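Raw target_35.txt, compact mmCIF, C-alpha atoms:
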```
# COMPACT_ATOMS: atom_id res chain seq x y z
CA MET A 1 106.02 76.75 106.01
CA ARG A 2 104.40 79.03 108.57
CA GLY A 3 100.72 78.15 108.98
CA ALA A 4 100.76 75.68 106.08
CA ALA A 5 97.33 74.51 104.97
CA ALA A 6 96.29 71.08 106.24
CA GLN A 7 94.62 70.36 102.89
CA ASP A 8 95.23 71.33 99.27
CA PHE A 9 92.38 73.17 97.58
CA THR A 10 91.72 73.19 93.87
CA LEU A 11 90.90 76.52 92.26
CA ARG A 12 87.21 75.63 92.13
CA GLN A 13 87.20 74.69 95.81
CA ALA A 14 89.06 77.87 96.76
CA LEU A 15 86.54 80.01 94.90
CA ARG A 16 83.77 78.51 97.02
CA THR A 17 85.31 79.95 100.19
CA ARG A 18 84.89 83.47 101.52
CA GLN A 19 88.60 83.44 102.39
CA TRP A 20 89.62 83.60 98.72
CA TYR A 21 87.54 86.75 98.28
CA GLY A 22 88.88 88.15 101.53
CA LEU A 23 92.45 87.72 100.28
CA TRP A 24 91.44 89.20 96.91
CA LEU A 25 89.99 92.25 98.70
CA THR A 26 93.11 92.59 100.85
CA LEU A 27 95.38 92.61 97.80
CA PHE A 28 93.02 94.99 95.98
CA LEU A 29 92.96 97.55 98.81
CA ASN A 30 96.73 97.41 99.28
CA SER A 31 97.23 97.86 95.52
CA VAL A 32 94.81 100.80 95.31
CA ALA A 33 96.99 102.79 97.68
CA GLY A 34 100.24 102.09 95.84
CA ILE A 35 98.95 102.56 92.31
CA ALA A 36 97.29 105.84 93.31
CA ILE A 37 100.72 107.21 94.25
CA ILE A 38 102.44 105.76 91.18
CA SER A 39 99.91 107.35 88.84
CA GLN A 40 100.06 110.80 90.42
CA ALA A 41 103.66 110.96 91.68
CA SER A 42 104.99 113.58 89.28
CA PRO A 43 102.07 116.07 89.24
CA MET A 44 101.60 115.63 92.99
CA ALA A 45 105.27 116.39 93.67
CA GLN A 46 105.15 119.48 91.45
CA GLU A 47 102.00 120.82 93.09
CA ILE A 48 102.80 120.05 96.72
CA SER A 49 106.55 120.70 96.85
CA HIS A 50 106.80 123.09 93.86
CA VAL A 51 109.73 121.26 92.26
CA SER A 52 110.45 121.13 88.53
CA ALA A 53 109.15 118.35 86.30
CA ALA A 54 112.67 116.94 86.08
CA ALA A 55 113.00 116.80 89.86
CA ALA A 56 109.55 115.30 90.21
CA ALA A 57 110.51 112.58 87.74
CA ALA A 58 113.20 111.45 90.20
CA LEU A 59 110.38 110.37 92.50
CA PHE A 60 109.65 107.47 90.12
CA GLY A 61 113.12 106.06 90.76
CA ILE A 62 112.65 106.36 94.50
CA ILE A 63 109.29 104.60 94.55
CA SER A 64 110.54 101.90 92.18
CA ILE A 65 113.24 101.01 94.69
CA ALA A 66 110.60 100.93 97.43
CA ASN A 67 108.35 98.66 95.37
CA GLY A 68 111.11 96.13 94.77
CA SER A 69 112.50 96.28 98.31
CA GLY A 70 109.09 95.84 99.89
CA ARG A 71 108.53 92.51 98.15
CA PHE A 72 111.52 90.98 99.95
CA LEU A 73 111.34 92.88 103.24
CA TRP A 74 107.68 92.23 104.08
CA ALA A 75 107.77 88.63 102.82
CA TRP A 76 110.65 87.94 105.18
CA PHE A 77 108.92 89.80 108.00
CA SER A 78 105.71 87.79 107.48
CA ASP A 79 107.60 84.58 108.27
CA ALA A 80 108.40 86.05 111.68
CA ILE A 81 105.10 87.68 112.71
CA GLY A 82 102.53 86.16 110.35
CA ARG A 83 100.78 87.25 107.16
CA LYS A 84 97.78 88.88 108.84
CA ALA A 85 99.99 90.94 111.12
CA VAL A 86 102.04 92.12 108.14
CA PHE A 87 99.00 93.31 106.18
CA LEU A 88 97.57 94.98 109.27
CA THR A 89 100.89 96.78 109.81
CA MET A 90 101.15 97.81 106.16
CA PHE A 91 97.62 99.26 106.07
CA LEU A 92 98.23 101.25 109.25
CA LEU A 93 101.56 102.54 107.93
CA GLN A 94 99.93 103.58 104.66
CA ALA A 95 97.12 105.35 106.50
CA ALA A 96 99.63 107.33 108.56
CA ALA A 97 101.75 108.10 105.48
CA PHE A 98 98.76 109.36 103.46
CA LEU A 99 97.63 111.56 106.34
CA LEU A 100 101.11 113.05 106.72
CA LEU A 101 101.36 113.51 102.94
CA SER A 102 98.32 115.78 103.08
CA GLN A 103 100.22 118.12 105.42
CA VAL A 104 103.79 118.28 104.05
CA SER A 105 105.23 120.70 101.52
CA GLY A 106 108.88 119.66 101.21
CA PHE A 107 110.08 117.30 98.48
CA VAL A 108 112.19 115.19 100.85
CA SER A 109 109.23 114.59 103.18
CA LEU A 110 107.02 113.78 100.22
CA ALA A 111 109.60 111.32 98.87
CA VAL A 112 110.01 109.56 102.24
CA LEU A 113 106.27 109.15 102.72
CA SER A 114 105.76 107.99 99.13
CA PHE A 115 108.61 105.52 99.66
CA THR A 116 106.79 104.14 102.71
CA ILE A 117 103.53 103.67 100.80
CA LEU A 118 105.26 101.93 97.88
CA LEU A 119 107.26 99.78 100.29
CA CYS A 120 103.92 98.46 101.55
CA TYR A 121 102.57 98.18 98.01
CA GLY A 122 105.44 95.91 97.05
CA GLY A 123 105.01 94.06 100.32
CA GLY A 124 101.50 93.05 99.32
CA PHE A 125 102.82 91.19 96.27
CA GLY A 126 105.68 89.69 98.26
CA THR A 127 103.45 88.38 101.04
CA MET A 128 100.18 87.39 99.36
CA PRO A 129 101.46 84.26 97.53
CA ALA A 130 102.58 82.79 100.86
CA PHE A 131 99.34 83.94 102.51
CA ALA A 132 97.30 82.17 99.83
CA ALA A 133 99.45 79.04 100.12
CA ASP A 134 98.94 79.03 103.89
CA TYR A 135 95.19 78.99 103.35
CA PHE A 136 94.79 76.82 100.25
CA GLY A 137 97.92 74.67 100.08
CA ALA A 138 100.76 74.73 97.58
CA LYS A 139 99.49 72.19 95.03
CA ASP A 140 97.30 74.54 92.94
CA ILE A 141 98.59 77.86 94.25
CA GLY A 142 99.62 78.94 90.74
CA SER A 143 96.04 79.09 89.51
CA ILE A 144 94.58 80.21 92.84
CA TYR A 145 96.95 83.15 93.24
CA GLY A 146 97.05 83.80 89.50
CA LEU A 147 93.32 84.54 89.45
CA MET A 148 93.72 86.57 92.63
CA LEU A 149 96.00 88.94 90.70
CA THR A 150 92.90 90.34 89.00
CA ALA A 151 92.75 92.45 92.16
CA TRP A 152 95.80 94.34 90.85
CA GLY A 153 94.07 95.02 87.55
CA ALA A 154 90.96 96.32 89.31
CA ALA A 155 93.08 98.49 91.59
CA GLY A 156 94.81 99.93 88.53
CA VAL A 157 91.49 101.44 87.54
CA VAL A 158 90.16 102.48 90.95
CA GLY A 159 93.31 103.92 92.57
CA PRO A 160 94.32 106.51 89.94
CA THR A 161 90.69 107.41 89.22
CA LEU A 162 89.86 108.04 92.87
CA LEU A 163 92.89 110.25 93.53
CA ALA A 164 92.59 112.17 90.25
CA GLN A 165 88.85 112.80 90.50
CA VAL A 166 88.98 114.05 94.09
CA ARG A 167 91.91 116.28 93.08
CA GLN A 168 89.87 117.65 90.19
CA VAL A 169 86.79 118.33 92.33
CA THR A 170 88.63 119.93 95.27
CA GLY A 171 91.40 121.61 93.28
CA GLN A 172 94.13 120.17 95.51
CA TYR A 173 95.72 116.85 96.45
CA GLN A 174 95.40 117.32 100.20
CA ASP A 175 91.75 116.26 100.42
CA ALA A 176 92.34 113.29 98.13
CA LEU A 177 95.23 112.15 100.30
CA LYS A 178 93.07 112.40 103.42
CA ILE A 179 90.46 110.20 101.77
CA MET A 180 93.16 107.67 100.92
CA ALA A 181 94.27 107.76 104.55
CA LEU A 182 90.73 106.88 105.64
CA VAL A 183 90.42 104.12 103.02
CA THR A 184 93.66 102.44 104.08
CA LEU A 185 92.79 102.78 107.76
CA LEU A 186 89.44 101.03 107.20
CA SER A 187 91.23 98.43 105.07
CA ALA A 188 93.09 97.25 108.17
CA ILE A 189 89.85 95.63 109.32
CA VAL A 190 89.85 93.11 106.44
CA PRO A 191 92.90 90.98 107.41
CA LEU A 192 91.67 90.91 111.02
CA LEU A 193 88.51 89.11 109.87
CA LEU A 194 90.32 86.39 107.92
CA ARG A 195 90.42 82.81 109.22
CA PRO A 196 91.88 79.72 107.51
CA PRO A 197 89.29 77.86 105.42
CA VAL A 198 88.21 74.28 106.04
CA LEU A 199 87.89 71.97 103.05
CA LEU A 200 84.72 69.88 103.34
CA LEU A 201 85.24 66.86 101.14
CA ARG A 202 82.20 65.12 99.72
CA PRO A 203 82.22 61.32 100.14
CA SER A 204 82.93 59.32 97.01
CA ALA A 205 80.31 57.01 95.47
CA ARG A 206 82.10 53.98 96.94
CA GLU A 207 82.13 55.56 100.40
CA ARG A 208 78.43 56.33 100.13
CA ASP A 209 77.69 52.73 99.11
CA LEU A 210 79.72 51.38 102.02
CA GLY A 211 77.83 53.71 104.34
CA ARG A 212 74.51 52.31 103.13
CA VAL A 213 75.73 48.72 103.67
CA ASP A 214 76.89 49.57 107.18
CA ARG A 215 73.52 51.08 108.02
CA ARG A 216 71.71 47.99 106.71
CA ILE A 217 73.91 45.69 108.77
CA ALA A 218 73.41 47.85 111.86
CA SER A 219 69.63 47.75 111.43
```
Can the structure from this file be put into structure tokens for me?
Amino acid sequence: MRGAAAQDFTLRQALRTRQWYGLWLTLFLNSVAGIAIISQASPMAQEISHVSAAAAAALFGIISIANGSGRFLWAWFSDAIGRKAVFLTMFLLQAAAFLLLSQVSGFVSLAVLSFTILLCYGGGFGTMPAFAADYFGAKDIGSIYGLMLTAWGAAGVVGPTLLAQVRQVTGQYQDALKIMALVTLLSAIVPLLLRPPVLLLRPSARERDLGRVDRRIAS
């Protein structure tokens, strides 16, 4: 396994590290971008590219393919270049895609850019389990990553709300998409700050007693 953890953390030990919260934040930010597009795909397509509701509905099929494909593509890619590099790349791609989305008017361009964002969204779920295992070991990764998935639930509230509210205030999607571009660009900083955690094991009672005996003998 690439970058496998030297020690296995329990869930309680993982939650005592800042790295767990850094990974949670990384998954949250990546999910915010994808869920924002999923929630607004149809109305956004109708407003920006002026297609019918039926044509806009086809966008769901396109982004569903991207979501599924991204889970395999980015997970495989992360084995070659590393987990941090993958998340950095995905955030930068999403930032560029959101910025371009705010300037296009054609349905094909909108579909391609939405596909790119959802490819990265799926990539977050394909890569994060391995990222977490690299940091905390594989023994308790089910509970460690399972709790980390609360980031997806939180993103499900924040992403759609942010895009919809900015759209309502400004009267157009363009400004909301520019804000999402800025958010994803700033998100690229988070994986750059991550470093593998070190598990500091407390000595057992027997080890502490032996230490006291050794000190008495030495004195």
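The space between atom CA of A:Val32 and atom CA of A:Gly153 spans 9.7 Å.
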Would you kindly return, as a PyMOL selection string, each protein, DNA or RNA residue with an atom no farther than 12 Å from any atom of stretch 7-22 of chain A, considering all atoms listed in the file and excluding same-chain residues fewer than 3 positions away? chain A and resi 3-4+25-29+84+128-129+131-151+187+189-202
Take the residues just selected and output them with C-alpha atoms as a tab-separated table (two decimals), keeping the file's coordinate frame.
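The result, written out as result_34.tsv:
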```
chain	number	residue	atom	x	y	z
A	3	GLY	CA	100.72	78.15	108.98
A	4	ALA	CA	100.76	75.68	106.08
A	25	LEU	CA	89.99	92.25	98.70
A	26	THR	CA	93.11	92.59	100.85
A	27	LEU	CA	95.38	92.61	97.80
A	28	PHE	CA	93.02	94.99	95.98
A	29	LEU	CA	92.96	97.55	98.81
A	84	LYS	CA	97.78	88.88	108.84
A	128	MET	CA	100.18	87.39	99.36
A	129	PRO	CA	101.46	84.26	97.53
A	131	PHE	CA	99.34	83.94	102.51
A	132	ALA	CA	97.30	82.17	99.83
A	133	ALA	CA	99.45	79.04	100.12
A	134	ASP	CA	98.94	79.03	103.89
A	135	TYR	CA	95.19	78.99	103.35
A	136	PHE	CA	94.79	76.82	100.25
A	137	GLY	CA	97.92	74.67	100.08
A	138	ALA	CA	100.76	74.73	97.58
A	139	LYS	CA	99.49	72.19	95.03
A	140	ASP	CA	97.30	74.54	92.94
A	141	ILE	CA	98.59	77.86	94.25
A	142	GLY	CA	99.62	78.94	90.74
A	143	SER	CA	96.04	79.09	89.51
A	144	ILE	CA	94.58	80.21	92.84
A	145	TYR	CA	96.95	83.15	93.24
A	146	GLY	CA	97.05	83.80	89.50
A	147	LEU	CA	93.32	84.54	89.45
A	148	MET	CA	93.72	86.57	92.63
A	149	LEU	CA	96.00	88.94	90.70
A	150	THR	CA	92.90	90.34	89.00
A	151	ALA	CA	92.75	92.45	92.16
A	187	SER	CA	91.23	98.43	105.07
A	189	ILE	CA	89.85	95.63	109.32
A	190	VAL	CA	89.85	93.11	106.44
A	191	PRO	CA	92.90	90.98	107.41
A	192	LEU	CA	91.67	90.91	111.02
A	193	LEU	CA	88.51	89.11	109.87
A	194	LEU	CA	90.32	86.39	107.92
A	195	ARG	CA	90.42	82.81	109.22
A	196	PRO	CA	91.88	79.72	107.51
A	197	PRO	CA	89.29	77.86	105.42
A	198	VAL	CA	88.21	74.28	106.04
A	199	LEU	CA	87.89	71.97	103.05
A	200	LEU	CA	84.72	69.88	103.34
A	201	LEU	CA	85.24	66.86	101.14
A	202	ARG	CA	82.20	65.12	99.72
```
Find the residues near A:Leu99: any atom within 12 Å, counting all atoms listed in the file, skip ones fewer than 3 places away on the same chain, and give them as a ChimeraX atom specification. /A:92-96,102-104,110,113-114,117,173-185
Determine, for each residue of stretch 134-182 of chain A having at least one atom at most 9 Å from an atom of stretch 34-46 of chain A, the closest pair of atoms and their separation in Å to one decimal, counting only C-alpha atoms; order by chain and ascending number, as a tab-separated table.
```
residue	atom	partner	partner_atom	distance
A:Trp152	CA	A:Ile35	CA	8.9
A:Ala155	CA	A:Ile35	CA	7.2
A:Gly156	CA	A:Ile35	CA	6.2
A:Val157	CA	A:Ile35	CA	8.9
A:Val158	CA	A:Ala36	CA	8.2
A:Gly159	CA	A:Ala36	CA	4.5
A:Pro160	CA	A:Ala36	CA	4.5
A:Thr161	CA	A:Ala36	CA	7.9
A:Leu162	CA	A:Ala36	CA	7.8
A:Leu163	CA	A:Ala36	CA	6.2
A:Ala164	CA	A:Gln40	CA	7.6
A:Tyr173	CA	A:Met44	CA	6.9
A:Met180	CA	A:Ala36	CA	8.8
```
Adding 3 Å on each side of the box along x, y and z that holds all listed atoms of stretch 22-26 of chain A, could you give its centre and edge lengths in Å to one decimal, as lines of an AutoDock Vina configuration file?
```
center_x = 91.0
center_y = 90.2
center_z = 99.2
size_x = 10.2
size_y = 10.9
size_z = 10.6
```
Report, in Å to a single decimal, how far apart atom CA of A:Leu100 and atom CA of A:Ser49 are.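 A separation of 13.6 Å between them.
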Could you jot down the atom CA of A:Ala97 to atom CA of A:Trp74 separation for me, Å, one decimal place? 17.0 Å
